[in-house]
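Undergrad: So I've got this file, my_file09.txt, and it contains compact mmCIF, C-alpha atoms and all ligand atoms:
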```
# COMPACT_ATOMS: atom_id res chain seq x y z
CA MET A 70 0.00 0.00 0.00
CA ILE A 71 1.04 3.65 -0.52
CA ILE A 72 0.68 5.51 2.77
CA GLU A 73 0.15 9.26 2.79
CA PRO A 74 -0.24 11.65 5.71
CA ARG A 75 -3.84 12.34 6.70
CA THR A 76 -3.96 15.14 9.26
CA ARG A 77 -6.84 16.22 11.44
CA GLY A 78 -6.03 19.27 13.58
CA PHE A 79 -2.84 18.60 15.51
CA ILE A 80 -2.79 14.87 14.88
CA CYS A 81 -1.92 12.72 11.92
CA LEU A 82 -4.10 9.66 11.44
CA THR A 83 -1.61 7.66 9.40
CA ALA A 84 2.00 6.63 9.91
CA HIS A 85 4.69 5.35 7.56
CA PRO A 86 6.62 2.22 8.64
CA LYS A 87 9.71 2.96 6.55
CA GLY A 88 9.88 6.57 7.70
CA CYS A 89 9.51 5.55 11.34
CA GLU A 90 12.20 2.91 10.84
CA GLN A 91 14.55 5.47 9.29
CA ASN A 92 13.98 7.86 12.21
CA VAL A 93 14.93 5.12 14.66
CA ILE A 94 18.01 4.17 12.65
CA ASN A 95 19.07 7.84 12.55
CA GLN A 96 18.73 8.05 16.34
CA ILE A 97 20.72 4.84 16.81
CA ASP A 98 23.46 6.17 14.52
CA TYR A 99 23.59 9.41 16.50
CA ILE A 100 24.00 7.53 19.79
CA LYS A 101 26.73 5.32 18.34
CA SER A 102 28.54 8.39 17.00
CA LYS A 103 28.75 9.82 20.52
CA GLY A 104 30.57 6.79 21.93
CA ALA A 105 29.85 4.40 24.77
CA ILE A 106 28.26 5.53 28.02
CA ASP A 107 29.12 3.71 31.24
CA GLY A 108 25.42 3.62 31.98
CA PRO A 109 22.52 1.38 32.98
CA LYS A 110 22.44 -2.35 32.29
CA LYS A 111 18.79 -3.35 32.74
CA VAL A 112 16.23 -0.72 31.93
CA LEU A 113 12.45 -0.41 32.04
CA VAL A 114 11.05 2.45 29.96
CA ILE A 115 7.41 3.35 30.59
CA GLY A 116 6.24 5.35 27.56
CA ALA A 117 8.95 3.83 25.36
CA SER A 118 7.55 4.15 21.85
CA THR A 119 7.84 7.83 20.91
CA GLY A 120 9.40 11.13 21.99
CA PHE A 121 11.66 11.28 25.04
CA GLY A 122 10.85 7.70 26.11
CA LEU A 123 11.94 6.20 22.79
CA ALA A 124 15.12 8.30 22.87
CA SER A 125 15.76 6.98 26.41
CA ARG A 126 15.37 3.39 25.24
CA ILE A 127 17.68 3.94 22.26
CA THR A 128 20.30 5.67 24.43
CA SER A 129 20.19 2.85 27.01
CA ALA A 130 20.50 0.09 24.42
CA PHE A 131 22.89 1.54 21.87
CA GLY A 132 24.82 3.85 24.19
CA ALA A 133 25.22 1.55 27.19
CA ASN A 134 24.47 -1.91 25.78
CA ALA A 135 21.53 -2.24 28.14
CA SER A 136 18.75 -4.81 28.05
CA THR A 137 15.47 -2.92 27.71
CA ILE A 138 11.81 -3.59 28.35
CA GLY A 139 9.46 -1.02 26.84
CA VAL A 140 5.87 -0.36 27.87
CA TYR A 141 3.66 1.75 25.60
CA PHE A 142 0.13 2.12 24.28
CA GLU A 143 0.01 1.90 20.50
CA LYS A 144 -2.48 0.92 17.82
CA PRO A 145 -1.46 -2.20 15.89
CA PRO A 146 -1.76 -2.25 12.10
CA SER A 147 -4.33 -4.19 10.16
CA GLU A 148 -4.66 -4.92 6.45
CA GLY A 149 -5.16 -1.54 4.75
CA ARG A 150 -4.83 0.46 7.96
CA PRO A 151 -1.45 1.59 9.23
CA ALA A 152 -0.44 1.32 12.89
CA SER A 153 0.27 4.33 15.11
CA PRO A 154 3.86 5.59 14.79
CA GLY A 155 5.04 4.18 18.14
CA TRP A 156 4.22 0.71 16.86
CA TYR A 157 6.53 1.11 13.86
CA ASN A 158 9.19 2.83 15.99
CA THR A 159 9.20 -0.11 18.39
CA ALA A 160 9.28 -2.69 15.60
CA ALA A 161 12.33 -0.92 14.14
CA PHE A 162 14.03 -0.51 17.51
CA GLU A 163 13.61 -4.14 18.53
CA THR A 164 14.70 -5.39 15.10
CA GLN A 165 17.91 -3.33 15.32
CA ALA A 166 18.52 -4.29 18.96
CA HIS A 167 18.10 -8.00 18.26
CA LYS A 168 20.45 -7.73 15.27
CA GLU A 169 23.15 -6.61 17.70
CA GLY A 170 22.33 -9.29 20.25
CA LEU A 171 20.67 -6.88 22.69
CA TYR A 172 17.76 -8.07 24.81
CA ALA A 173 14.64 -6.03 23.91
CA LYS A 174 11.04 -6.96 24.70
CA SER A 175 7.90 -4.92 25.08
CA ILE A 176 4.38 -4.78 26.38
CA ASN A 177 1.58 -2.89 24.62
CA GLY A 178 -1.23 -1.75 26.91
CA ASP A 179 -2.40 0.72 29.52
CA ALA A 180 0.54 1.40 31.85
CA PHE A 181 -1.87 2.86 34.43
CA SER A 182 -3.58 -0.51 34.87
CA ASN A 183 -2.78 -3.25 37.39
CA GLU A 184 -2.76 -5.87 34.60
CA ILE A 185 0.03 -4.21 32.61
CA LYS A 186 2.06 -3.63 35.77
CA ARG A 187 1.63 -7.32 36.68
CA GLN A 188 2.73 -8.47 33.21
CA THR A 189 5.76 -6.19 33.31
CA LEU A 190 6.85 -7.35 36.79
CA ASP A 191 6.57 -10.97 35.69
CA LEU A 192 8.64 -10.32 32.58
CA ILE A 193 11.37 -8.57 34.59
CA LYS A 194 11.38 -11.41 37.12
CA GLU A 195 11.65 -14.05 34.43
CA ASP A 196 14.15 -12.41 32.08
CA LEU A 197 16.17 -9.73 33.88
CA GLY A 198 15.85 -10.46 37.59
CA GLN A 199 16.12 -6.78 38.47
CA VAL A 200 16.27 -3.37 36.79
CA ASP A 201 18.77 -0.60 37.60
CA LEU A 202 16.94 2.21 35.78
CA VAL A 203 13.27 3.02 35.26
CA ILE A 204 12.42 5.88 32.89
CA TYR A 205 8.90 7.24 33.35
CA SER A 206 7.88 9.07 30.15
CA LEU A 207 4.13 8.81 29.82
CA ALA A 208 2.12 11.57 28.17
CA SER A 209 -1.58 10.82 28.18
CA PRO A 210 -4.80 12.84 28.17
CA VAL A 211 -6.66 10.27 30.30
CA ARG A 212 -6.08 7.82 33.14
CA THR A 213 -8.37 5.20 34.56
CA HIS A 214 -7.46 4.77 38.20
CA PRO A 215 -6.57 1.10 38.79
CA ASP A 216 -8.14 0.90 42.26
CA THR A 217 -11.36 2.87 41.81
CA GLY A 218 -12.01 2.60 38.06
CA VAL A 219 -12.57 6.36 37.93
CA LYS A 220 -11.56 7.82 34.56
CA TYR A 221 -9.73 11.16 34.86
CA LYS A 222 -9.26 13.58 31.96
CA SER A 223 -6.47 16.14 31.99
CA VAL A 224 -7.04 19.66 30.65
CA LEU A 225 -4.66 22.40 29.48
CA LYS A 226 -6.05 25.50 31.12
CA PRO A 227 -4.77 28.54 32.99
CA ILE A 228 -5.63 28.88 36.68
CA GLY A 229 -7.43 31.99 37.93
CA ASP A 230 -7.69 34.26 34.88
CA THR A 231 -8.53 33.78 31.24
CA PHE A 232 -5.34 33.46 29.20
CA GLN A 233 -5.03 35.55 26.09
CA ASN A 234 -2.10 35.47 23.73
CA LYS A 235 -0.93 34.60 20.25
CA THR A 236 -0.88 31.12 18.84
CA VAL A 237 -0.18 29.61 15.43
CA ASP A 238 -1.84 26.92 13.39
CA PHE A 239 1.37 25.29 12.22
CA HIS A 240 -0.28 23.69 9.18
CA THR A 241 -1.44 27.02 7.71
CA GLY A 242 1.03 29.38 9.42
CA LYS A 243 -1.85 31.56 10.54
CA VAL A 244 -1.16 33.51 13.74
CA THR A 245 -4.27 34.32 15.76
CA GLU A 246 -5.26 35.34 19.27
CA VAL A 247 -6.44 32.55 21.53
CA SER A 248 -8.41 32.94 24.65
CA ILE A 249 -8.50 30.05 27.11
CA ALA A 250 -10.94 30.10 29.99
CA PRO A 251 -9.53 29.23 33.41
CA ALA A 252 -9.82 25.85 35.11
CA GLU A 253 -13.06 25.15 36.90
CA GLY A 254 -14.57 22.40 39.01
CA ASP A 255 -12.26 19.40 39.32
CA ASP A 256 -9.99 20.41 36.41
CA ILE A 257 -6.86 20.76 38.53
CA GLU A 258 -7.33 17.51 40.51
CA ASN A 259 -8.18 15.61 37.35
CA THR A 260 -5.07 16.84 35.55
CA VAL A 261 -2.89 16.00 38.56
CA ALA A 262 -4.46 12.52 38.67
CA VAL A 263 -3.44 11.90 35.04
CA MET A 264 -0.06 13.63 34.71
CA GLY A 265 1.10 13.91 38.34
CA GLY A 266 3.30 11.42 40.15
CA GLU A 267 0.84 8.90 41.62
CA ASP A 268 1.26 6.31 38.89
CA TRP A 269 5.06 6.72 38.83
CA LYS A 270 5.15 5.91 42.55
CA MET A 271 2.78 2.96 42.06
CA TRP A 272 5.22 1.48 39.54
CA ILE A 273 8.24 1.89 41.80
CA ASP A 274 6.35 0.60 44.87
CA ALA A 275 5.27 -2.48 42.93
CA LEU A 276 8.79 -3.19 41.63
CA LYS A 277 10.27 -2.69 45.08
CA ALA A 278 7.71 -4.89 46.83
CA GLU A 279 8.86 -7.81 44.68
CA GLY A 280 12.57 -7.16 45.04
CA LEU A 281 13.04 -6.10 41.43
CA LEU A 282 15.16 -2.99 42.06
CA ALA A 283 18.93 -3.46 41.75
CA PRO A 284 21.37 -1.79 44.17
CA ASP A 285 22.01 1.90 43.28
CA PHE A 286 18.78 1.91 41.31
CA ASN A 287 17.70 5.18 39.65
CA THR A 288 14.37 6.30 38.29
CA VAL A 289 13.78 9.42 36.19
CA ALA A 290 10.55 11.16 35.14
CA TYR A 291 10.39 14.06 32.70
CA SER A 292 9.11 17.54 33.40
CA TYR A 293 8.95 20.95 31.74
CA ILE A 294 9.19 24.52 32.99
CA GLY A 295 9.52 26.95 30.06
CA PRO A 296 9.56 30.74 29.88
CA SER A 297 7.24 33.41 31.29
CA LEU A 298 5.64 33.66 27.81
CA THR A 299 3.94 30.29 28.25
CA GLU A 300 3.78 30.25 32.04
CA ALA A 301 0.08 31.08 32.44
CA VAL A 302 -1.01 28.21 30.24
CA TYR A 303 1.77 25.75 31.07
CA ARG A 304 3.76 25.88 34.30
CA LYS A 305 1.23 27.96 36.25
CA GLY A 306 -1.71 26.21 34.61
CA THR A 307 -3.33 22.85 35.27
CA ILE A 308 -0.51 20.87 33.65
CA GLY A 309 2.00 22.79 35.79
CA ARG A 310 0.17 21.61 38.91
CA ALA A 311 0.60 18.05 37.67
CA LYS A 312 4.32 18.68 37.09
CA ASP A 313 4.62 20.18 40.61
CA HIS A 314 3.10 16.96 41.92
CA LEU A 315 5.40 14.81 39.79
CA GLU A 316 8.44 16.73 41.06
CA ALA A 317 7.33 16.39 44.71
CA THR A 318 6.77 12.66 44.14
CA ALA A 319 10.47 12.22 43.30
CA PHE A 320 11.27 12.98 46.97
CA ASP A 321 8.56 10.60 48.21
CA ILE A 322 9.94 7.83 46.02
CA THR A 323 13.54 8.49 47.10
CA ASP A 324 12.41 8.12 50.73
CA THR A 325 11.31 4.56 49.98
CA LEU A 326 14.57 3.57 48.27
CA LYS A 327 17.08 3.85 51.12
CA ASP A 328 17.71 0.09 51.42
CA VAL A 329 18.66 -0.22 47.73
CA ASN A 330 20.58 3.08 47.83
CA GLY A 331 18.20 4.23 45.12
CA LYS A 332 17.14 7.66 43.96
CA ALA A 333 14.29 9.22 42.01
CA TYR A 334 14.99 12.22 39.79
CA VAL A 335 13.02 14.57 37.66
CA SER A 336 14.74 15.81 34.53
CA VAL A 337 13.47 19.08 33.12
CA ASN A 338 13.68 18.77 29.36
CA LYS A 339 13.57 21.18 26.43
CA ALA A 340 10.41 22.09 24.53
CA LEU A 341 10.22 19.87 21.46
CA VAL A 342 7.73 18.85 18.81
CA THR A 343 6.10 15.60 19.93
CA GLN A 344 2.58 14.29 19.71
CA ALA A 345 2.05 15.53 23.27
CA SER A 346 3.33 19.09 22.79
CA SER A 347 1.55 19.70 19.46
CA ALA A 348 -1.73 19.55 21.35
CA ILE A 349 -0.89 22.43 23.71
CA PRO A 350 -2.06 25.89 22.58
CA VAL A 351 0.59 28.63 22.27
CA ILE A 352 3.47 26.12 22.58
CA PRO A 353 3.80 25.59 18.79
CA LEU A 354 4.37 29.34 18.26
CA TYR A 355 6.92 29.38 21.07
CA ILE A 356 8.67 26.29 19.66
CA SER A 357 8.84 27.70 16.14
CA LEU A 358 10.59 30.85 17.46
CA LEU A 359 12.78 28.85 19.86
CA TYR A 360 13.92 26.49 17.08
CA LYS A 361 14.88 29.46 14.90
CA VAL A 362 16.94 31.06 17.67
CA MET A 363 18.60 27.86 18.91
CA LYS A 364 19.42 26.67 15.38
CA GLU A 365 21.00 30.05 14.57
CA MET A 366 23.10 29.80 17.74
CA GLY A 367 24.06 26.21 16.93
CA ILE A 368 22.54 24.80 20.13
CA HIS A 369 19.36 23.13 18.85
CA GLU A 370 18.69 19.60 20.09
CA GLY A 371 16.02 16.98 19.42
CA CYS A 372 14.90 14.21 21.81
CA ILE A 373 17.88 12.00 21.09
CA GLU A 374 20.48 14.75 21.61
CA GLN A 375 18.73 15.75 24.84
CA ILE A 376 18.69 12.24 26.27
CA GLN A 377 22.24 11.47 25.14
CA ARG A 378 23.32 14.54 27.15
CA LEU A 379 21.11 13.53 30.08
CA PHE A 380 22.83 10.14 30.31
CA SER A 381 26.42 11.14 29.52
CA ASP A 382 26.67 14.55 31.23
CA ARG A 383 24.21 14.15 34.12
CA LEU A 384 22.90 10.73 35.20
CA TYR A 385 26.06 8.72 34.54
CA ALA A 386 28.62 11.49 35.06
CA ASP A 387 30.81 11.46 38.18
CA THR A 388 28.35 13.68 40.00
CA ILE A 389 24.72 14.33 39.10
CA ALA A 390 24.26 18.09 38.85
CA THR A 391 20.84 19.36 39.95
CA ASP A 392 19.20 22.74 40.62
CA GLU A 393 18.23 23.94 44.11
CA GLN A 394 15.03 21.92 43.88
CA GLY A 395 16.91 18.72 43.16
CA ARG A 396 15.94 18.63 39.48
CA ILE A 397 18.25 17.68 36.64
CA ARG A 398 18.20 20.46 34.03
CA ILE A 399 18.71 19.67 30.36
CA ASP A 400 16.58 22.68 29.45
CA ASP A 401 19.64 24.75 30.36
CA TRP A 402 20.30 25.86 26.78
CA GLU A 403 16.64 26.66 26.09
CA MET A 404 16.50 28.78 29.26
CA ARG A 405 19.71 30.73 28.61
CA ASP A 406 19.13 34.50 28.98
CA ASP A 407 20.33 35.28 25.46
CA VAL A 408 18.00 32.64 23.97
CA GLN A 409 14.96 33.77 25.94
CA ALA A 410 15.61 37.49 25.31
CA LYS A 411 15.70 36.84 21.56
CA VAL A 412 12.55 34.67 21.62
CA ALA A 413 10.68 37.32 23.63
CA GLU A 414 11.69 39.97 21.09
CA LEU A 415 10.53 37.83 18.16
CA TRP A 416 7.30 36.98 19.97
CA GLU A 417 6.30 40.67 19.85
CA GLU A 418 6.93 40.77 16.10
CA ALA A 419 5.21 37.48 15.23
CA THR A 420 2.31 37.77 12.79
CA THR A 421 1.05 35.56 9.98
CA GLU A 422 3.15 37.71 7.61
CA THR A 423 6.40 37.80 9.61
CA LEU A 424 6.48 34.29 11.08
CA PRO A 425 7.80 32.47 7.99
CA GLU A 426 10.87 34.78 8.20
CA ILE A 427 11.41 35.14 11.94
CA GLY A 428 10.28 31.69 13.05
CA ASP A 429 11.15 28.14 12.06
CA LEU A 430 7.69 27.09 10.92
CA LYS A 431 9.28 24.84 8.35
CA GLY A 432 11.31 23.07 11.02
CA TYR A 433 8.17 22.66 13.11
CA ASP A 434 6.26 21.23 10.18
CA THR A 435 9.07 18.83 9.26
CA ASP A 436 9.44 17.62 12.84
CA PHE A 437 5.68 17.14 13.10
CA PHE A 438 5.48 15.01 9.96
CA ASN A 439 8.65 13.15 10.98
CA LEU A 440 6.83 12.00 14.15
CA PHE A 441 4.60 9.96 11.87
CA GLY A 442 7.36 8.80 9.56
CA PHE A 443 6.65 11.35 6.80
CA LYS A 444 9.04 13.80 5.07
CA VAL A 445 12.00 11.71 6.24
CA PRO A 446 14.99 12.09 3.88
CA GLY A 447 15.92 8.93 1.99
CA VAL A 448 12.51 7.27 2.20
CA ASP A 449 10.73 6.44 -1.04
CA TYR A 450 7.12 7.41 -0.39
CA ASP A 451 5.96 6.26 -3.82
CA ALA A 452 7.02 2.69 -3.13
CA ASP A 453 4.52 0.10 -2.03
CA VAL A 454 4.98 -0.75 1.64
CA ASN A 455 3.61 -3.49 3.84
CA GLU A 456 1.68 -1.77 6.62
CA VAL A 457 1.41 -4.99 8.64
CA VAL A 458 4.72 -4.94 10.52
CA ALA A 459 5.34 -7.13 13.57
CA ILE A 460 7.18 -6.08 16.74
CA PRO A 461 9.70 -8.87 17.30
CA GLY A 462 9.90 -8.61 21.11
CA LEU A 463 6.20 -7.92 21.78
CA GLN A 464 4.91 -10.14 24.59
P1 LIG A 501 4.96 11.31 23.53
O1 LIG A 501 3.54 11.53 23.22
O2 LIG A 501 5.94 11.31 22.40
O3 LIG A 501 5.17 9.91 24.30
C1 LIG A 501 4.23 9.39 25.18
C2 LIG A 501 4.50 7.91 25.43
O4 LIG A 501 3.56 7.46 26.42
C3 LIG A 501 4.31 7.00 24.23
O5 LIG A 501 5.27 5.97 24.28
C4 LIG A 501 2.92 6.40 24.45
O6 LIG A 501 2.71 5.13 23.85
C5 LIG A 501 2.93 6.27 25.95
N1 LIG A 501 1.60 6.21 26.57
C6 LIG A 501 0.62 7.15 26.60
N2 LIG A 501 -0.44 6.71 27.32
C7 LIG A 501 -0.11 5.47 27.75
C8 LIG A 501 -0.77 4.49 28.56
N3 LIG A 501 -1.97 4.70 29.07
N4 LIG A 501 -0.12 3.32 28.79
C9 LIG A 501 1.11 3.07 28.28
N5 LIG A 501 1.79 3.97 27.53
C10 LIG A 501 1.18 5.15 27.28
O7 LIG A 501 5.34 12.40 24.63
P2 LIG A 501 6.68 13.11 25.09
O8 LIG A 501 6.64 14.51 24.62
O9 LIG A 501 7.87 12.27 24.83
O10 LIG A 501 6.41 13.19 26.66
C11 LIG A 501 6.99 12.33 27.60
C12 LIG A 501 7.21 13.11 28.89
O11 LIG A 501 8.13 14.18 28.65
C13 LIG A 501 5.93 13.76 29.44
O12 LIG A 501 5.93 13.69 30.85
C14 LIG A 501 6.09 15.21 29.00
O13 LIG A 501 5.38 16.12 29.81
C15 LIG A 501 7.58 15.38 29.16
N6 LIG A 501 8.17 16.53 28.46
C16 LIG A 501 7.84 16.82 27.16
C17 LIG A 501 8.36 17.95 26.54
C18 LIG A 501 8.00 18.28 25.12
O14 LIG A 501 8.24 19.42 24.71
N7 LIG A 501 7.50 17.36 24.33
C19 LIG A 501 9.29 18.85 27.24
C20 LIG A 501 9.64 18.41 28.57
C21 LIG A 501 9.06 17.31 29.16
NA NA A 502 7.88 9.40 25.53
```
Show me, as structure tokens, the structure contained in the file I just sent.
Ligand code: NAI
Ligand code: NA
TA:
Amino acid sequence: MIIEPRTRGFICLTAHPKGCEQNVINQIDYIKSKGAIDGPKKVLVIGASTGFGLASRITSAFGANASTIGVYFEKPPSEGRPASPGWYNTAAFETQAHKEGLYAKSINGDAFSNEIKRQTLDLIKEDLGQVDLVIYSLASPVRTHPDTGVKYKSVLKPIGDTFQNKTVDFHTGKVTEVSIAPAEGDDIENTVAVMGGEDWKMWIDALKAEGLLAPDFNTVAYSYIGPSLTEAVYRKGTIGRAKDHLEATAFDITDTLKDVNGKAYVSVNKALVTQASSAIPVIPLYISLLYKVMKEMGIHEGCIEQIQRLFSDRLYADTIATDEQGRIRIDDWEMRDDVQAKVAELWEEATTETLPEIGDLKGYDTDFFNLFGFKVPGVDYDADVNEVVAIPGLQ
């Protein structure tokens, strides 16, 4: 079949297996080019199929020769209907890992559920014995609580006042004003229930209860801060409350890890185009200006460059540098004063007419389509491809 992109709003309904495979191969090549990391040996990645989680799995396997188990929630392919991109990414990753003799297996299902946790614990017990690193990289709009069955929905809203600012539709390049009404009712609690730290702690508690954490165990979850431009809708909005909760949970988890000399960290990462961030209003305009500035300064990074730096310069360096709140910062280049001053200046000037010049809309668009395996250099999109691809290590 010939697979073409079919977009609806900020999502793409189709994905290209060859393009996804090429993206994964490019990430593997990047990690190999940076040399070996004296890093983790047995790694569980929760949210392993796209974005920062996939980059973490690739860095663990191809940078540190680690065995990896990936948990993710992806749509399998069927005849005439392509899978979701994380399916094809995982198929490519596990194929490449197995080729090099690396252990790589995965579980596709709802990581918030007791069933998927049970399956994962059993697989670790059977195959790895213990894990020395757990990466928690879920991004989800909903969570069904495993104990109560209550289904929570997260929202992206400011708290207190209506938020008004510019935004861009990155498909058309049109810059408009958006107005987002503030959170009401249970919006904050619901968002914290989905994207806060409760599920992260449930995972670590469950692993610990069965003796599956190796000595000197580490776990890392990903957070975001960002500039004052996006603060009202992001860090001081409902999602920010969830990130506050996630960051506080790192300390709660660390308290439970004394006997394995373990530690829980939050890493604050850079704003990047992923399926999760494309859905947040205002962020695409910010990212398109940020990309322009960081590329001009020669300090732009994607997920794989970010996570390579996280492992080599932070987590597995001689000492783990953190900020005063105990967080690892790999958003350090994004947050540099010169970068932010330039972005703030461009923000004032951004209109539908100026944005193609002053912003990196093209880079945004390319990254967006790349997420789904489209517009990837070297891939022949006119060639017939088999959409029914199997994941070799899928349990
Ligand atoms: P993503 O959308 O690329 O990845 C999400 C992953 O979670 C996928 O592997 C998906 O299959 C999995 N997933 C979602 N719901 C699931 C469920 N119920 N059960 C099992 N797996 C499930 O997102 P991205 O951007 O990589 O986000 C990961 C983390 O990084 C999030 O905590 C996000 O807030 C954070 N982050 C993202 C930034 C960005 O700009 N994209 C910046 C800084 C932090
Ligand atoms: Na991820």
Undergrad: Take the point (2.4, 2.2, 31.1) in the file's coordinates, draw a sphere of radius 8 Å around it, and report as a list in words every protein, DNA or RNA residue with an atom inside or on it, counting all atoms listed in the file.
TA: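 Selection result: Ile115, Gly116, Val140, Tyr141, Phe142, Gly178, Asp179, Ala180, Phe181, Ser182, Ile185, Lys186 and Leu207 of chain A.
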Undergrad: Return as JSON, numbers by chain the residues of protein, DNA or RNA that approach ligand NA 502 (chain A) to within 8 Å, with all atoms listed in the file taken into account.
TA: {"A": [115, 116, 117, 118, 119, 120, 121, 122, 123, 124, 206, 207, 208]}
Undergrad: Restricting the calculation to all atoms listed in the file: of A:Ile322, A:Met271, A:Met264, A:Ile460, which residue gets closest to ligand LIG 501 (chain A)?
TA: A:Met264
Undergrad: Between A:Asn177, A:Thr189, A:Thr423, A:Thr236, single out the one closest to A:Ile273, counting only C-alpha atoms.
TA: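 Once distances to A:Ile273 are computed over only C-alpha atoms, the minimum belongs to A:Thr189.
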Undergrad: Report, in Å with one decimal, the straight-line distance from atom CA of A:Ile249 to atom CA of A:Leu358.
TA: 21.4 Å
Undergrad: Between A:Lys444, A:Asp453, A:Ile399, A:Glu148, which one has atoms that come closest to A:Gln377, using only C-alpha atoms?
TA: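 Using only C-alpha atoms, A:Gln377 sits closest to A:Ile399.
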Undergrad: Find the residues around stretch 80-90 of chain A up to 7 Å (all atoms listed in the file counted), leave out those fewer than 2 positions away in its own chain, and share them as a PDB file with C-alpha atoms, in the frame of the given file.
TA:
```pdb
ATOM      1  CA  ILE A  72       0.680   5.510   2.770  1.00  0.00           C
ATOM      2  CA  PRO A  74      -0.240  11.650   5.710  1.00  0.00           C
ATOM      3  CA  ARG A  75      -3.840  12.340   6.700  1.00  0.00           C
ATOM      4  CA  THR A  76      -3.960  15.140   9.260  1.00  0.00           C
ATOM      5  CA  ARG A  77      -6.840  16.220  11.440  1.00  0.00           C
ATOM      6  CA  GLY A  78      -6.030  19.270  13.580  1.00  0.00           C
ATOM      7  CA  ASN A  92      13.980   7.860  12.210  1.00  0.00           C
ATOM      8  CA  VAL A  93      14.930   5.120  14.660  1.00  0.00           C
ATOM      9  CA  ILE A  94      18.010   4.170  12.650  1.00  0.00           C
ATOM     10  CA  PRO A 151      -1.450   1.590   9.230  1.00  0.00           C
ATOM     11  CA  ALA A 152      -0.440   1.320  12.890  1.00  0.00           C
ATOM     12  CA  SER A 153       0.270   4.330  15.110  1.00  0.00           C
ATOM     13  CA  PRO A 154       3.860   5.590  14.790  1.00  0.00           C
ATOM     14  CA  TYR A 157       6.530   1.110  13.860  1.00  0.00           C
ATOM     15  CA  ASN A 158       9.190   2.830  15.990  1.00  0.00           C
ATOM     16  CA  ALA A 161      12.330  -0.920  14.140  1.00  0.00           C
ATOM     17  CA  PHE A 441       4.600   9.960  11.870  1.00  0.00           C
ATOM     18  CA  GLY A 442       7.360   8.800   9.560  1.00  0.00           C
ATOM     19  CA  PHE A 443       6.650  11.350   6.800  1.00  0.00           C
ATOM     20  CA  VAL A 445      12.000  11.710   6.240  1.00  0.00           C
ATOM     21  CA  VAL A 448      12.510   7.270   2.200  1.00  0.00           C
ATOM     22  CA  GLU A 456       1.680  -1.770   6.620  1.00  0.00           C
TER      23      GLU A 456
END
```
Undergrad: Just the residues within 12 Å of A:Arg383, please, counting all atoms listed in the file, with nothing from its chain fewer than 2 positions along; format it as number ranges by chain.
TA: A: 106-108, 289, 334-337, 375-381, 385-392, 396-399
Undergrad: Distance atom C4 of ligand LIG 501 (chain A)-atom CA of A:Val203, one decimal place?
TA: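 Rounded to one decimal, the two atoms are 15.3 Å apart.
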Undergrad: Find the residue from A:Asp328, A:Val263, A:Thr343, A:Glu418 that sits nearest to A:Asn439; use all atoms listed in the file when measuring.
TA: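 Checking each candidate against A:Asn439, we get A:Thr343 as the closest.
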Undergrad: Of the residues A:Ile127, A:Val454, A:Ile308, A:Ala333, which is the one nearest to ligand LIG 501 (chain A), using all atoms listed in the file?
TA: A:Ile308
Undergrad: Could you give me, as a PDB file with C-alpha atoms, in the coordinates of the input, the residues that have an atom at most 9 Å away from the point (-5.0, 16.8, 33.8) in the coordinates of the file, using all atoms listed in the file?
TA:
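What ended up in selection-v4.pdb:
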```
ATOM      1  CA  SER A 209      -1.580  10.820  28.180  1.00  0.00           C
ATOM      2  CA  PRO A 210      -4.800  12.840  28.170  1.00  0.00           C
ATOM      3  CA  VAL A 211      -6.660  10.270  30.300  1.00  0.00           C
ATOM      4  CA  TYR A 221      -9.730  11.160  34.860  1.00  0.00           C
ATOM      5  CA  LYS A 222      -9.260  13.580  31.960  1.00  0.00           C
ATOM      6  CA  SER A 223      -6.470  16.140  31.990  1.00  0.00           C
ATOM      7  CA  VAL A 224      -7.040  19.660  30.650  1.00  0.00           C
ATOM      8  CA  LEU A 225      -4.660  22.400  29.480  1.00  0.00           C
ATOM      9  CA  ASP A 256      -9.990  20.410  36.410  1.00  0.00           C
ATOM     10  CA  ILE A 257      -6.860  20.760  38.530  1.00  0.00           C
ATOM     11  CA  GLU A 258      -7.330  17.510  40.510  1.00  0.00           C
ATOM     12  CA  ASN A 259      -8.180  15.610  37.350  1.00  0.00           C
ATOM     13  CA  THR A 260      -5.070  16.840  35.550  1.00  0.00           C
ATOM     14  CA  VAL A 261      -2.890  16.000  38.560  1.00  0.00           C
ATOM     15  CA  ALA A 262      -4.460  12.520  38.670  1.00  0.00           C
ATOM     16  CA  VAL A 263      -3.440  11.900  35.040  1.00  0.00           C
ATOM     17  CA  MET A 264      -0.060  13.630  34.710  1.00  0.00           C
ATOM     18  CA  GLY A 265       1.100  13.910  38.340  1.00  0.00           C
ATOM     19  CA  THR A 307      -3.330  22.850  35.270  1.00  0.00           C
ATOM     20  CA  ILE A 308      -0.510  20.870  33.650  1.00  0.00           C
ATOM     21  CA  ARG A 310       0.170  21.610  38.910  1.00  0.00           C
ATOM     22  CA  ALA A 311       0.600  18.050  37.670  1.00  0.00           C
TER      23      ALA A 311
END
```
Undergrad: Could you tell me how far atom CA of A:Phe131 lies from atom CA of A:Ile100, in Å and to one decimal?
TA: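 So the answer is 6.4 Å.
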Undergrad: Nearest to ligand LIG 501 (chain A) among A:Leu197, A:Val302, A:Val342, A:Ile97, with distances taken over only C-alpha atoms and all ligand atoms: which residue is it?
TA: A:Val342
Undergrad: Can you pull out every residue within 7 Å of A:Asp429, counting only C-alpha atoms, but drop anything in the same chain fewer than 6 positions away, and send it as a JSON list (two decimals) with C-alpha atoms, in the frame of the given file?
TA:
```json
[["chain", "number", "residue", "atom", "x", "y", "z"],
["A", 357, "SER", "CA", 8.84, 27.70, 16.14],
["A", 358, "LEU", "CA", 10.59, 30.85, 17.46],
["A", 360, "TYR", "CA", 13.92, 26.49, 17.08],
["A", 361, "LYS", "CA", 14.88, 29.46, 14.90]]
```
